[in-house]
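> Before I ask anything, here is the structure I am working with.
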Number of protein chains: 2
Amino acid sequence: MNQPGESLRDRKKRRTRAALERATVRLAAERGYDHVTVEEIAAEADVSVRTFFNYFASKDEALIGADPEAGPRMAERITSAADEVPPFEAYRSSVLAEITEELNNARDLWLLRKEVLMQRPDLLVRAFASSAESEQLLANAVAARAGLAESDLYPRLVVAAGSAAFRCAVTRWADDDSLSLGVLVAEAFDAFGTGLAHAPRR
Amino acid sequence: MNQPGESLRDRKKRRTRAALERATVRLAAERGYDHVTVEEIAAEADVSVRTFFNYFASKDEALIGADPEAGPRMAERITSAADEVPPFEAYRSSVLAEITEELNNARDLWLLRKEVLMQRPDLLVRAFASSAESEQLLANAVAARAGLAESDLYPRLVVAAGSAAFRCAVTRWADDDSLSLGVLVAEAFDAFGTGLAHAPRR
DNA sequence: GGACCTTTTTGCAGTCACTGCAAGTTTGCA
DNA sequence: TGCAAACTTGCAGTGACTGCAAAAAGGTCC
């Protein structure tokens, strides 16, 4: 008896994951990332500590709430873009799509994360460590589209630029949120696209 | 009675640090990063575990052997470059100088690190987390040179591009070391300089 | 060489993230 | 209802990392 979309089990899992993510972000914003133990987070979300680690490989991961399906989803978008779209543009728009969707669904969480990341910018860098695997996936998709070998430097650079764009946009946004995060990410992407050799004039 | 350069104490410290770094890299290459405990590393270097943590904030840091003075040194090089050098170029050459020097002094260590990083690419990403502080320093130097506010996006992007260039070059080099690491880093920098919008043809 | 101060090393006790394993519980399905 | 697969949980254990206070050097002055 299975709705094509979601079984009871699936719904419960999604809710538990979301609860853990929320609890992590909320508590970390409230009293500082390392004054919160996984034990407290689990209690807040009403599950055991062991269950926390069934959902997230680390406390860091829970703070960022990296969606395990985001990687594959973006890779899919890249490979299925229209033929005439150049590889960088395909990558760029697949990342932007993912991010705007994320921001629409969880803007409140990002506002809290901002508080945490302002205190501990290194956490944002660490967050990307866990996505090293997805990066490989995306790089391969970009390589295929560009007609380059998977070992080529270019696809790696494109993907790394994406991480960097997001990372810089977030830190900039944490400093001063007069511009929306989405806009900042787009701007960062453009800069990587056209090259950093010439500094902008303001 | 102090040679202007180095006292006995200073020499001992440098030697201990180097021994810990070497021990970490050697053992990790030999039997896998997480089959080596800090206890074993400390024993190999003939110091106590507590002393290990007086030198390095984490096992990760010891593996990469991040020089705490590298950040300031590069920042200094950036600000003291000739006036007509554009900011990106100043940054680029200060990073390349640092890297080539490092590679000349410790080529053997990098060959061992390669082994470790091939198994665990995420360690390279994590390594940059600890340098979040230096990044700020460098970004400010670039901002000053570009005549931009410290809050501007551009300097952050330049610095992040540097990390990304290094990171991609290392992973590429680990896959296939027919090109030297120094050359790969330079190539990656160039790509960021001229922009990623157009994929290269090979 | 010895007294005295500063820096470094060390041991120890403690916290906490994270893991494997072996039940126990819940859900999906016939 | 009954069985199998998927989840949750507790438990015991490992190992990274920290603060503290005492021991060991190193540096300096006489």
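Going through the structure tokens in order, the chains are called A, B, and so on, while each chain numbers its residues from 1 and the ligands are numbered from 1 in the order shown.
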Which chain A residues have any atom within 12 Å of an atom of chain C, and for each, what is the nearest pair of atoms with distance in Å to one decimal, counting only C-alpha atoms (C1' of nucleotides), rows sorted by chain and number, as CSV?


```
residue,atom,partner,partner_atom,distance
A:Met1,CA,C:DG28,C1',7.3
A:Asn2,CA,C:DG28,C1',8.3
A:Gln3,CA,C:DG28,C1',11.9
A:Ser7,CA,C:DG28,C1',8.9
A:Leu8,CA,C:DT27,C1',7.8
A:Arg9,CA,C:DT27,C1',6.7
A:Asp10,CA,C:DT27,C1',10.3
A:Arg11,CA,C:DT27,C1',11.8
A:Lys12,CA,C:DT27,C1',10.7
A:Asp34,CA,C:DC16,C1',10.2
A:His35,CA,C:DC16,C1',10.9
A:Val36,CA,C:DC16,C1',10.3
A:Thr37,CA,C:DC16,C1',7.5
A:Val38,CA,C:DA17,C1',8.0
A:Glu39,CA,C:DC16,C1',9.4
A:Glu40,CA,C:DC16,C1',11.8
A:Val49,CA,C:DC18,C1',10.3
A:Arg50,CA,C:DC18,C1',9.4
A:Thr51,CA,C:DC18,C1',12.0
A:Phe52,CA,C:DC18,C1',10.7
A:Phe53,CA,C:DC18,C1',7.9
A:Asn54,CA,C:DT19,C1',10.8
A:Phe56,CA,C:DC18,C1',10.7
A:Ala57,CA,C:DC18,C1',8.3
A:Ser58,CA,C:DC18,C1',7.7
A:Lys59,CA,C:DA17,C1',8.0
A:Asp60,CA,C:DA17,C1',10.6
```

> Give me every alpha helix (DSSP H) residue in stretch 56-153 of chain B, going by DSSP on the backbone, as a PDB file with N, CA and C atoms, in the first residue's frame.


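Result saved to selection38.pdb:
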```pdb
ATOM      1  N   LYS B  59      44.794  16.590  14.285  1.00  0.00           N
ATOM      2  CA  LYS B  59      45.523  15.595  13.492  1.00  0.00           C
ATOM      3  C   LYS B  59      45.545  16.060  12.033  1.00  0.00           C
ATOM      4  N   ASP B  60      44.422  16.552  11.546  1.00  0.00           N
ATOM      5  CA  ASP B  60      44.342  17.072  10.175  1.00  0.00           C
ATOM      6  C   ASP B  60      45.436  18.092   9.900  1.00  0.00           C
ATOM      7  N   GLU B  61      45.613  18.994  10.836  1.00  0.00           N
ATOM      8  CA  GLU B  61      46.558  20.075  10.633  1.00  0.00           C
ATOM      9  C   GLU B  61      47.977  19.540  10.532  1.00  0.00           C
ATOM     10  N   ALA B  62      48.252  18.520  11.329  1.00  0.00           N
ATOM     11  CA  ALA B  62      49.590  17.946  11.292  1.00  0.00           C
ATOM     12  C   ALA B  62      49.842  17.257   9.952  1.00  0.00           C
ATOM     13  N   LEU B  63      48.816  16.692   9.397  1.00  0.00           N
ATOM     14  CA  LEU B  63      48.977  16.004   8.108  1.00  0.00           C
ATOM     15  C   LEU B  63      49.384  16.984   7.021  1.00  0.00           C
ATOM     16  N   ILE B  64      48.748  18.134   7.017  1.00  0.00           N
ATOM     17  CA  ILE B  64      49.056  19.129   5.988  1.00  0.00           C
ATOM     18  C   ILE B  64      50.267  19.965   6.390  1.00  0.00           C
ATOM     19  N   ALA B  70      52.754  31.222   7.109  1.00  0.00           N
ATOM     20  CA  ALA B  70      52.565  31.343   5.659  1.00  0.00           C
ATOM     21  C   ALA B  70      51.568  32.453   5.331  1.00  0.00           C
ATOM     22  N   GLY B  71      50.480  32.501   6.096  1.00  0.00           N
ATOM     23  CA  GLY B  71      49.454  33.517   5.846  1.00  0.00           C
ATOM     24  C   GLY B  71      50.023  34.922   5.896  1.00  0.00           C
ATOM     25  N   PRO B  72      50.564  35.311   7.045  1.00  0.00           N
ATOM     26  CA  PRO B  72      51.173  36.635   7.168  1.00  0.00           C
ATOM     27  C   PRO B  72      52.226  36.909   6.096  1.00  0.00           C
ATOM     28  N   ARG B  73      53.043  35.891   5.795  1.00  0.00           N
ATOM     29  CA  ARG B  73      54.105  36.071   4.815  1.00  0.00           C
ATOM     30  C   ARG B  73      53.518  36.436   3.453  1.00  0.00           C
ATOM     31  N   MET B  74      52.461  35.715   3.062  1.00  0.00           N
ATOM     32  CA  MET B  74      51.853  35.992   1.769  1.00  0.00           C
ATOM     33  C   MET B  74      51.174  37.366   1.765  1.00  0.00           C
ATOM     34  N   ALA B  75      50.527  37.679   2.864  1.00  0.00           N
ATOM     35  CA  ALA B  75      49.864  38.988   2.957  1.00  0.00           C
ATOM     36  C   ALA B  75      50.885  40.096   2.772  1.00  0.00           C
ATOM     37  N   GLU B  76      52.027  39.918   3.414  1.00  0.00           N
ATOM     38  CA  GLU B  76      53.107  40.889   3.300  1.00  0.00           C
ATOM     39  C   GLU B  76      53.551  41.033   1.845  1.00  0.00           C
ATOM     40  N   ARG B  77      53.736  39.905   1.164  1.00  0.00           N
ATOM     41  CA  ARG B  77      54.165  39.954  -0.233  1.00  0.00           C
ATOM     42  C   ARG B  77      53.139  40.684  -1.096  1.00  0.00           C
ATOM     43  N   ILE B  78      51.880  40.479  -0.781  1.00  0.00           N
ATOM     44  CA  ILE B  78      50.836  41.137  -1.580  1.00  0.00           C
ATOM     45  C   ILE B  78      50.911  42.655  -1.431  1.00  0.00           C
ATOM     46  N   THR B  79      50.993  43.092  -0.189  1.00  0.00           N
ATOM     47  CA  THR B  79      50.956  44.544   0.014  1.00  0.00           C
ATOM     48  C   THR B  79      52.236  45.218  -0.457  1.00  0.00           C
ATOM     49  N   PRO B  87      45.815  43.588  -8.516  1.00  0.00           N
ATOM     50  CA  PRO B  87      45.612  42.798  -7.290  1.00  0.00           C
ATOM     51  C   PRO B  87      45.604  41.290  -7.527  1.00  0.00           C
ATOM     52  N   PHE B  88      44.948  40.858  -8.557  1.00  0.00           N
ATOM     53  CA  PHE B  88      44.887  39.407  -8.784  1.00  0.00           C
ATOM     54  C   PHE B  88      46.285  38.843  -9.026  1.00  0.00           C
ATOM     55  N   GLU B  89      47.034  39.583  -9.820  1.00  0.00           N
ATOM     56  CA  GLU B  89      48.394  39.152 -10.133  1.00  0.00           C
ATOM     57  C   GLU B  89      49.275  39.149  -8.878  1.00  0.00           C
ATOM     58  N   ALA B  90      49.083  40.137  -8.035  1.00  0.00           N
ATOM     59  CA  ALA B  90      49.872  40.197  -6.804  1.00  0.00           C
ATOM     60  C   ALA B  90      49.567  38.974  -5.938  1.00  0.00           C
ATOM     61  N   TYR B  91      48.313  38.650  -5.846  1.00  0.00           N
ATOM     62  CA  TYR B  91      47.905  37.498  -5.053  1.00  0.00           C
ATOM     63  C   TYR B  91      48.464  36.219  -5.672  1.00  0.00           C
ATOM     64  N   ARG B  92      48.239  36.091  -6.968  1.00  0.00           N
ATOM     65  CA  ARG B  92      48.693  34.914  -7.696  1.00  0.00           C
ATOM     66  C   ARG B  92      50.175  34.655  -7.481  1.00  0.00           C
ATOM     67  N   SER B  93      50.980  35.701  -7.633  1.00  0.00           N
ATOM     68  CA  SER B  93      52.409  35.426  -7.548  1.00  0.00           C
ATOM     69  C   SER B  93      52.847  35.185  -6.116  1.00  0.00           C
ATOM     70  N   SER B  94      52.122  35.770  -5.166  1.00  0.00           N
ATOM     71  CA  SER B  94      52.528  35.506  -3.786  1.00  0.00           C
ATOM     72  C   SER B  94      52.192  34.064  -3.393  1.00  0.00           C
ATOM     73  N   VAL B  95      51.090  33.547  -3.900  1.00  0.00           N
ATOM     74  CA  VAL B  95      50.758  32.146  -3.621  1.00  0.00           C
ATOM     75  C   VAL B  95      51.732  31.211  -4.326  1.00  0.00           C
ATOM     76  N   LEU B  96      52.019  31.511  -5.581  1.00  0.00           N
ATOM     77  CA  LEU B  96      52.928  30.628  -6.328  1.00  0.00           C
ATOM     78  C   LEU B  96      54.319  30.602  -5.697  1.00  0.00           C
ATOM     79  N   ALA B  97      54.751  31.768  -5.212  1.00  0.00           N
ATOM     80  CA  ALA B  97      56.061  31.811  -4.562  1.00  0.00           C
ATOM     81  C   ALA B  97      56.066  30.894  -3.345  1.00  0.00           C
ATOM     82  N   GLU B  98      55.038  31.018  -2.552  1.00  0.00           N
ATOM     83  CA  GLU B  98      54.933  30.198  -1.341  1.00  0.00           C
ATOM     84  C   GLU B  98      54.942  28.709  -1.690  1.00  0.00           C
ATOM     85  N   ILE B  99      54.183  28.372  -2.699  1.00  0.00           N
ATOM     86  CA  ILE B  99      54.054  26.956  -3.039  1.00  0.00           C
ATOM     87  C   ILE B  99      55.342  26.387  -3.609  1.00  0.00           C
ATOM     88  N   THR B 100      55.983  27.132  -4.488  1.00  0.00           N
ATOM     89  CA  THR B 100      57.211  26.570  -5.055  1.00  0.00           C
ATOM     90  C   THR B 100      58.281  26.410  -3.986  1.00  0.00           C
ATOM     91  N   GLU B 101      58.301  27.356  -3.060  1.00  0.00           N
ATOM     92  CA  GLU B 101      59.274  27.227  -1.981  1.00  0.00           C
ATOM     93  C   GLU B 101      58.976  25.979  -1.150  1.00  0.00           C
ATOM     94  N   GLU B 102      57.719  25.818  -0.808  1.00  0.00           N
ATOM     95  CA  GLU B 102      57.296  24.654  -0.045  1.00  0.00           C
ATOM     96  C   GLU B 102      57.665  23.360  -0.770  1.00  0.00           C
ATOM     97  N   LEU B 103      57.414  23.346  -2.066  1.00  0.00           N
ATOM     98  CA  LEU B 103      57.689  22.118  -2.822  1.00  0.00           C
ATOM     99  C   LEU B 103      59.192  21.842  -2.903  1.00  0.00           C
ATOM    100  N   ASN B 104      59.979  22.896  -2.941  1.00  0.00           N
ATOM    101  CA  ASN B 104      61.418  22.671  -2.970  1.00  0.00           C
ATOM    102  C   ASN B 104      61.930  22.136  -1.650  1.00  0.00           C
ATOM    103  N   ASN B 105      61.332  22.607  -0.560  1.00  0.00           N
ATOM    104  CA  ASN B 105      61.809  22.188   0.756  1.00  0.00           C
ATOM    105  C   ASN B 105      61.278  20.839   1.186  1.00  0.00           C
ATOM    106  N   ALA B 106      60.156  20.443   0.631  1.00  0.00           N
ATOM    107  CA  ALA B 106      59.516  19.251   1.185  1.00  0.00           C
ATOM    108  C   ALA B 106      58.842  18.414   0.109  1.00  0.00           C
ATOM    109  N   ARG B 107      59.530  18.276  -1.011  1.00  0.00           N
ATOM    110  CA  ARG B 107      58.963  17.487  -2.114  1.00  0.00           C
ATOM    111  C   ARG B 107      58.616  16.081  -1.674  1.00  0.00           C
ATOM    112  N   ASP B 108      59.504  15.469  -0.893  1.00  0.00           N
ATOM    113  CA  ASP B 108      59.281  14.092  -0.446  1.00  0.00           C
ATOM    114  C   ASP B 108      58.017  13.965   0.390  1.00  0.00           C
ATOM    115  N   LEU B 109      57.785  14.966   1.247  1.00  0.00           N
ATOM    116  CA  LEU B 109      56.574  14.911   2.064  1.00  0.00           C
ATOM    117  C   LEU B 109      55.332  14.970   1.189  1.00  0.00           C
ATOM    118  N   TRP B 110      55.387  15.798   0.161  1.00  0.00           N
ATOM    119  CA  TRP B 110      54.214  15.909  -0.698  1.00  0.00           C
ATOM    120  C   TRP B 110      53.948  14.627  -1.472  1.00  0.00           C
ATOM    121  N   LEU B 111      54.981  13.911  -1.786  1.00  0.00           N
ATOM    122  CA  LEU B 111      54.774  12.628  -2.467  1.00  0.00           C
ATOM    123  C   LEU B 111      54.035  11.653  -1.555  1.00  0.00           C
ATOM    124  N   LEU B 112      54.367  11.708  -0.275  1.00  0.00           N
ATOM    125  CA  LEU B 112      53.665  10.832   0.670  1.00  0.00           C
ATOM    126  C   LEU B 112      52.235  11.311   0.896  1.00  0.00           C
ATOM    127  N   ARG B 113      52.094  12.626   1.029  1.00  0.00           N
ATOM    128  CA  ARG B 113      50.753  13.182   1.220  1.00  0.00           C
ATOM    129  C   ARG B 113      49.836  12.782   0.081  1.00  0.00           C
ATOM    130  N   LYS B 114      50.396  12.758  -1.114  1.00  0.00           N
ATOM    131  CA  LYS B 114      49.623  12.371  -2.288  1.00  0.00           C
ATOM    132  C   LYS B 114      48.942  11.025  -2.067  1.00  0.00           C
ATOM    133  N   GLU B 115      49.700  10.085  -1.517  1.00  0.00           N
ATOM    134  CA  GLU B 115      49.144   8.757  -1.261  1.00  0.00           C
ATOM    135  C   GLU B 115      47.919   8.853  -0.362  1.00  0.00           C
ATOM    136  N   VAL B 116      48.067   9.660   0.678  1.00  0.00           N
ATOM    137  CA  VAL B 116      46.973   9.783   1.645  1.00  0.00           C
ATOM    138  C   VAL B 116      45.771  10.454   0.997  1.00  0.00           C
ATOM    139  N   LEU B 117      46.028  11.523   0.257  1.00  0.00           N
ATOM    140  CA  LEU B 117      44.938  12.300  -0.313  1.00  0.00           C
ATOM    141  C   LEU B 117      44.221  11.551  -1.429  1.00  0.00           C
ATOM    142  N   MET B 118      44.893  10.612  -2.036  1.00  0.00           N
ATOM    143  CA  MET B 118      44.221   9.813  -3.050  1.00  0.00           C
ATOM    144  C   MET B 118      43.137   8.947  -2.412  1.00  0.00           C
ATOM    145  N   GLN B 119      43.427   8.472  -1.219  1.00  0.00           N
ATOM    146  CA  GLN B 119      42.432   7.660  -0.504  1.00  0.00           C
ATOM    147  C   GLN B 119      41.334   8.528   0.093  1.00  0.00           C
ATOM    148  N   ASP B 122      38.677  14.191   0.933  1.00  0.00           N
ATOM    149  CA  ASP B 122      38.032  15.131   1.850  1.00  0.00           C
ATOM    150  C   ASP B 122      39.030  15.763   2.826  1.00  0.00           C
ATOM    151  N   LEU B 123      40.136  15.096   3.078  1.00  0.00           N
ATOM    152  CA  LEU B 123      41.108  15.655   4.017  1.00  0.00           C
ATOM    153  C   LEU B 123      41.688  16.961   3.500  1.00  0.00           C
ATOM    154  N   LEU B 124      41.802  17.061   2.197  1.00  0.00           N
ATOM    155  CA  LEU B 124      42.353  18.281   1.619  1.00  0.00           C
ATOM    156  C   LEU B 124      41.402  19.454   1.837  1.00  0.00           C
ATOM    157  N   VAL B 125      40.127  19.181   1.697  1.00  0.00           N
ATOM    158  CA  VAL B 125      39.139  20.219   1.945  1.00  0.00           C
ATOM    159  C   VAL B 125      39.176  20.639   3.408  1.00  0.00           C
ATOM    160  N   ARG B 126      39.209  19.646   4.270  1.00  0.00           N
ATOM    161  CA  ARG B 126      39.235  19.948   5.705  1.00  0.00           C
ATOM    162  C   ARG B 126      40.450  20.747   6.095  1.00  0.00           C
ATOM    163  N   ALA B 127      41.541  20.491   5.395  1.00  0.00           N
ATOM    164  CA  ALA B 127      42.779  21.196   5.719  1.00  0.00           C
ATOM    165  C   ALA B 127      42.594  22.703   5.596  1.00  0.00           C
ATOM    166  N   PHE B 128      41.759  23.109   4.647  1.00  0.00           N
ATOM    167  CA  PHE B 128      41.588  24.535   4.437  1.00  0.00           C
ATOM    168  C   PHE B 128      40.695  25.182   5.482  1.00  0.00           C
ATOM    169  N   ALA B 129      39.998  24.367   6.226  1.00  0.00           N
ATOM    170  CA  ALA B 129      39.132  24.930   7.263  1.00  0.00           C
ATOM    171  C   ALA B 129      39.972  25.664   8.294  1.00  0.00           C
ATOM    172  N   ALA B 132      40.968  29.373   7.699  1.00  0.00           N
ATOM    173  CA  ALA B 132      39.922  30.376   7.513  1.00  0.00           C
ATOM    174  C   ALA B 132      40.386  31.750   7.996  1.00  0.00           C
ATOM    175  N   GLU B 133      41.236  31.715   9.005  1.00  0.00           N
ATOM    176  CA  GLU B 133      41.720  32.958   9.585  1.00  0.00           C
ATOM    177  C   GLU B 133      42.689  33.669   8.639  1.00  0.00           C
ATOM    178  N   SER B 134      43.627  32.893   8.095  1.00  0.00           N
ATOM    179  CA  SER B 134      44.574  33.448   7.134  1.00  0.00           C
ATOM    180  C   SER B 134      43.831  34.024   5.930  1.00  0.00           C
ATOM    181  N   GLU B 135      42.784  33.341   5.529  1.00  0.00           N
ATOM    182  CA  GLU B 135      42.026  33.805   4.364  1.00  0.00           C
ATOM    183  C   GLU B 135      41.548  35.226   4.567  1.00  0.00           C
ATOM    184  N   GLN B 136      41.107  35.512   5.766  1.00  0.00           N
ATOM    185  CA  GLN B 136      40.636  36.848   6.086  1.00  0.00           C
ATOM    186  C   GLN B 136      41.754  37.870   5.877  1.00  0.00           C
ATOM    187  N   LEU B 137      42.915  37.488   6.396  1.00  0.00           N
ATOM    188  CA  LEU B 137      44.099  38.336   6.284  1.00  0.00           C
ATOM    189  C   LEU B 137      44.416  38.640   4.827  1.00  0.00           C
ATOM    190  N   LEU B 138      44.444  37.573   4.029  1.00  0.00           N
ATOM    191  CA  LEU B 138      44.783  37.730   2.614  1.00  0.00           C
ATOM    192  C   LEU B 138      43.711  38.542   1.894  1.00  0.00           C
ATOM    193  N   ALA B 139      42.465  38.262   2.218  1.00  0.00           N
ATOM    194  CA  ALA B 139      41.380  38.986   1.561  1.00  0.00           C
ATOM    195  C   ALA B 139      41.506  40.486   1.832  1.00  0.00           C
ATOM    196  N   ASN B 140      41.872  40.828   3.059  1.00  0.00           N
ATOM    197  CA  ASN B 140      42.021  42.245   3.380  1.00  0.00           C
ATOM    198  C   ASN B 140      43.167  42.872   2.588  1.00  0.00           C
ATOM    199  N   ALA B 141      44.239  42.112   2.428  1.00  0.00           N
ATOM    200  CA  ALA B 141      45.364  42.627   1.647  1.00  0.00           C
ATOM    201  C   ALA B 141      44.938  42.870   0.201  1.00  0.00           C
ATOM    202  N   VAL B 142      44.199  41.928  -0.345  1.00  0.00           N
ATOM    203  CA  VAL B 142      43.732  42.079  -1.731  1.00  0.00           C
ATOM    204  C   VAL B 142      42.768  43.258  -1.836  1.00  0.00           C
ATOM    205  N   ALA B 143      41.903  43.376  -0.854  1.00  0.00           N
ATOM    206  CA  ALA B 143      40.931  44.480  -0.861  1.00  0.00           C
ATOM    207  C   ALA B 143      41.657  45.819  -0.870  1.00  0.00           C
ATOM    208  N   ALA B 144      42.661  45.931  -0.021  1.00  0.00           N
ATOM    209  CA  ALA B 144      43.405  47.186   0.070  1.00  0.00           C
ATOM    210  C   ALA B 144      44.022  47.529  -1.285  1.00  0.00           C
ATOM    211  N   ARG B 145      44.635  46.536  -1.885  1.00  0.00           N
ATOM    212  CA  ARG B 145      45.301  46.741  -3.166  1.00  0.00           C
ATOM    213  C   ARG B 145      44.299  47.104  -4.263  1.00  0.00           C
ATOM    214  N   ALA B 146      43.111  46.545  -4.178  1.00  0.00           N
ATOM    215  CA  ALA B 146      42.113  46.802  -5.222  1.00  0.00           C
ATOM    216  C   ALA B 146      41.308  48.063  -4.918  1.00  0.00           C
ATOM    217  N   LEU B 153      32.751  41.566  -2.168  1.00  0.00           N
ATOM    218  CA  LEU B 153      32.774  40.160  -2.570  1.00  0.00           C
ATOM    219  C   LEU B 153      34.076  39.805  -3.282  1.00  0.00           C
TER     220      LEU B 153
END
```

> Of the candidates B:Pro200, B:Ala43, B:Thr194, B:Arg14, which one gets nearest to chain A if we count only C-alpha atoms?

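Between B:Pro200, B:Ala43, B:Thr194, B:Arg14, the residue approaching chain A most closely is B:Thr194.
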
> If you measure from atom CA of A:Ser151 to atom CA of B:Glu21, what distance in Å do you get, rounded to one decimal?

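Separation between atom CA of A:Ser151 and atom CA of B:Glu21: 29.5 Å.
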
> Using Å and a single decimal, report how far atom CA of A:Leu181 sits from atom CA of A:Asp67.

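According to the coordinates, atom CA of A:Asp67 and atom CA of A:Leu181 are separated by 18.6 Å.
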
> Would you mind telling me which residue in A:Arg167, A:Ser48, A:Thr24, A:Val158 lies nearest to chain D when using only C-alpha atoms (C1' of nucleotides)?

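The answer is A:Ser48, which sits nearest to chain D.
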
> What's around B:Phe192 at 9 Å? Count only C-alpha atoms (C1' of nucleotides), leave out sequence neighbours fewer than 6 positions away in its own chain, and write the answer as JSON, numbers by chain.

{"A": [157, 161, 192, 193, 194, 195, 196, 197], "B": [158, 161, 162, 165]}

> Selected residues, N, CA and C atoms, written as a PDB file, in the first residue's frame, please.


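Resulting contents of selection-v3.pdb:
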```pdb
ATOM      1  N   LEU A 157      37.840  22.595 -11.726  1.00  0.00           N
ATOM      2  CA  LEU A 157      37.866  24.019 -11.417  1.00  0.00           C
ATOM      3  C   LEU A 157      36.460  24.595 -11.402  1.00  0.00           C
ATOM      4  N   ALA A 161      34.838  26.167  -8.194  1.00  0.00           N
ATOM      5  CA  ALA A 161      34.406  27.559  -8.253  1.00  0.00           C
ATOM      6  C   ALA A 161      32.983  27.695  -7.712  1.00  0.00           C
ATOM      7  N   PHE A 192      33.424  34.464 -11.550  1.00  0.00           N
ATOM      8  CA  PHE A 192      34.247  33.322 -11.941  1.00  0.00           C
ATOM      9  C   PHE A 192      34.131  33.055 -13.435  1.00  0.00           C
ATOM     10  N   GLY A 193      32.965  33.315 -13.978  1.00  0.00           N
ATOM     11  CA  GLY A 193      32.767  33.084 -15.403  1.00  0.00           C
ATOM     12  C   GLY A 193      33.609  34.010 -16.255  1.00  0.00           C
ATOM     13  N   THR A 194      33.608  35.299 -15.897  1.00  0.00           N
ATOM     14  CA  THR A 194      34.313  36.265 -16.737  1.00  0.00           C
ATOM     15  C   THR A 194      35.770  36.450 -16.326  1.00  0.00           C
ATOM     16  N   GLY A 195      36.153  35.910 -15.188  1.00  0.00           N
ATOM     17  CA  GLY A 195      37.563  35.954 -14.809  1.00  0.00           C
ATOM     18  C   GLY A 195      37.840  36.997 -13.752  1.00  0.00           C
ATOM     19  N   LEU A 196      38.819  36.706 -12.913  1.00  0.00           N
ATOM     20  CA  LEU A 196      39.108  37.584 -11.784  1.00  0.00           C
ATOM     21  C   LEU A 196      40.259  38.535 -12.070  1.00  0.00           C
ATOM     22  N   ALA A 197      40.841  38.415 -13.253  1.00  0.00           N
ATOM     23  CA  ALA A 197      42.040  39.196 -13.538  1.00  0.00           C
ATOM     24  C   ALA A 197      41.829  40.688 -13.306  1.00  0.00           C
TER      25      ALA A 197
ATOM     26  N   VAL B 158      38.767  36.154  -4.880  1.00  0.00           N
ATOM     27  CA  VAL B 158      40.158  35.952  -5.297  1.00  0.00           C
ATOM     28  C   VAL B 158      40.838  34.935  -4.384  1.00  0.00           C
ATOM     29  N   ALA B 161      39.456  31.509  -4.754  1.00  0.00           N
ATOM     30  CA  ALA B 161      39.931  30.927  -6.006  1.00  0.00           C
ATOM     31  C   ALA B 161      41.322  30.338  -5.815  1.00  0.00           C
ATOM     32  N   GLY B 162      42.121  31.002  -5.011  1.00  0.00           N
ATOM     33  CA  GLY B 162      43.455  30.484  -4.731  1.00  0.00           C
ATOM     34  C   GLY B 162      43.390  29.131  -4.041  1.00  0.00           C
ATOM     35  N   ALA B 165      42.216  26.648  -6.550  1.00  0.00           N
ATOM     36  CA  ALA B 165      43.240  26.326  -7.541  1.00  0.00           C
ATOM     37  C   ALA B 165      44.209  25.300  -6.964  1.00  0.00           C
TER      38      ALA B 165
END
```

> Could you pull the residues within 9 Å of B:Tyr55, counting only C-alpha atoms (C1' of nucleotides), minus those fewer than 6 positions along the same chain, as a ChimeraX atom specification?

/B:13,16-17,20,62

> May I have the selected residues written with all heavy atoms, as an mmCIF file, in the first residue's frame?


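The file below, again_9.cif, is the result:
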```cif
data_model
loop_
_atom_site.group_PDB
_atom_site.id
_atom_site.type_symbol
_atom_site.label_atom_id
_atom_site.label_comp_id
_atom_site.auth_asym_id
_atom_site.auth_seq_id
_atom_site.Cartn_x
_atom_site.Cartn_y
_atom_site.Cartn_z
ATOM 1 N N LYS B 13 62.326 23.506 18.797
ATOM 2 C CA LYS B 13 60.904 23.595 18.432
ATOM 3 C C LYS B 13 60.693 23.278 16.964
ATOM 4 O O LYS B 13 59.790 22.538 16.589
ATOM 5 C CB LYS B 13 60.357 24.996 18.757
ATOM 6 C CG LYS B 13 59.944 25.131 20.205
ATOM 7 C CD LYS B 13 59.357 26.490 20.520
ATOM 8 C CE LYS B 13 57.952 26.649 19.965
ATOM 9 N NZ LYS B 13 57.365 27.947 20.401
ATOM 10 N N THR B 16 61.054 19.586 16.458
ATOM 11 C CA THR B 16 59.922 18.811 16.972
ATOM 12 C C THR B 16 58.727 18.916 16.032
ATOM 13 O O THR B 16 58.101 17.926 15.677
ATOM 14 C CB THR B 16 59.506 19.323 18.363
ATOM 15 O OG1 THR B 16 60.645 19.304 19.209
ATOM 16 C CG2 THR B 16 58.411 18.473 18.933
ATOM 17 N N ARG B 17 58.451 20.133 15.604
ATOM 18 C CA ARG B 17 57.333 20.345 14.682
ATOM 19 C C ARG B 17 57.520 19.528 13.422
ATOM 20 O O ARG B 17 56.619 18.821 12.963
ATOM 21 C CB ARG B 17 57.232 21.835 14.343
ATOM 22 C CG ARG B 17 56.239 22.198 13.277
ATOM 23 C CD ARG B 17 56.070 23.699 13.172
ATOM 24 N NE ARG B 17 54.914 24.154 13.905
ATOM 25 C CZ ARG B 17 53.688 24.201 13.413
ATOM 26 N NH1 ARG B 17 53.448 23.806 12.186
ATOM 27 N NH2 ARG B 17 52.696 24.630 14.139
ATOM 28 N N LEU B 20 57.008 15.835 14.017
ATOM 29 C CA LEU B 20 55.606 15.462 14.152
ATOM 30 C C LEU B 20 54.921 15.434 12.781
ATOM 31 O O LEU B 20 54.166 14.518 12.470
ATOM 32 C CB LEU B 20 54.886 16.441 15.079
ATOM 33 C CG LEU B 20 55.186 16.250 16.565
ATOM 34 C CD1 LEU B 20 54.638 17.412 17.382
ATOM 35 C CD2 LEU B 20 54.600 14.932 17.064
ATOM 36 N N ALA B 62 48.252 18.520 11.329
ATOM 37 C CA ALA B 62 49.590 17.946 11.292
ATOM 38 C C ALA B 62 49.842 17.257 9.952
ATOM 39 O O ALA B 62 50.955 17.269 9.436
ATOM 40 C CB ALA B 62 49.760 16.953 12.428
#
```
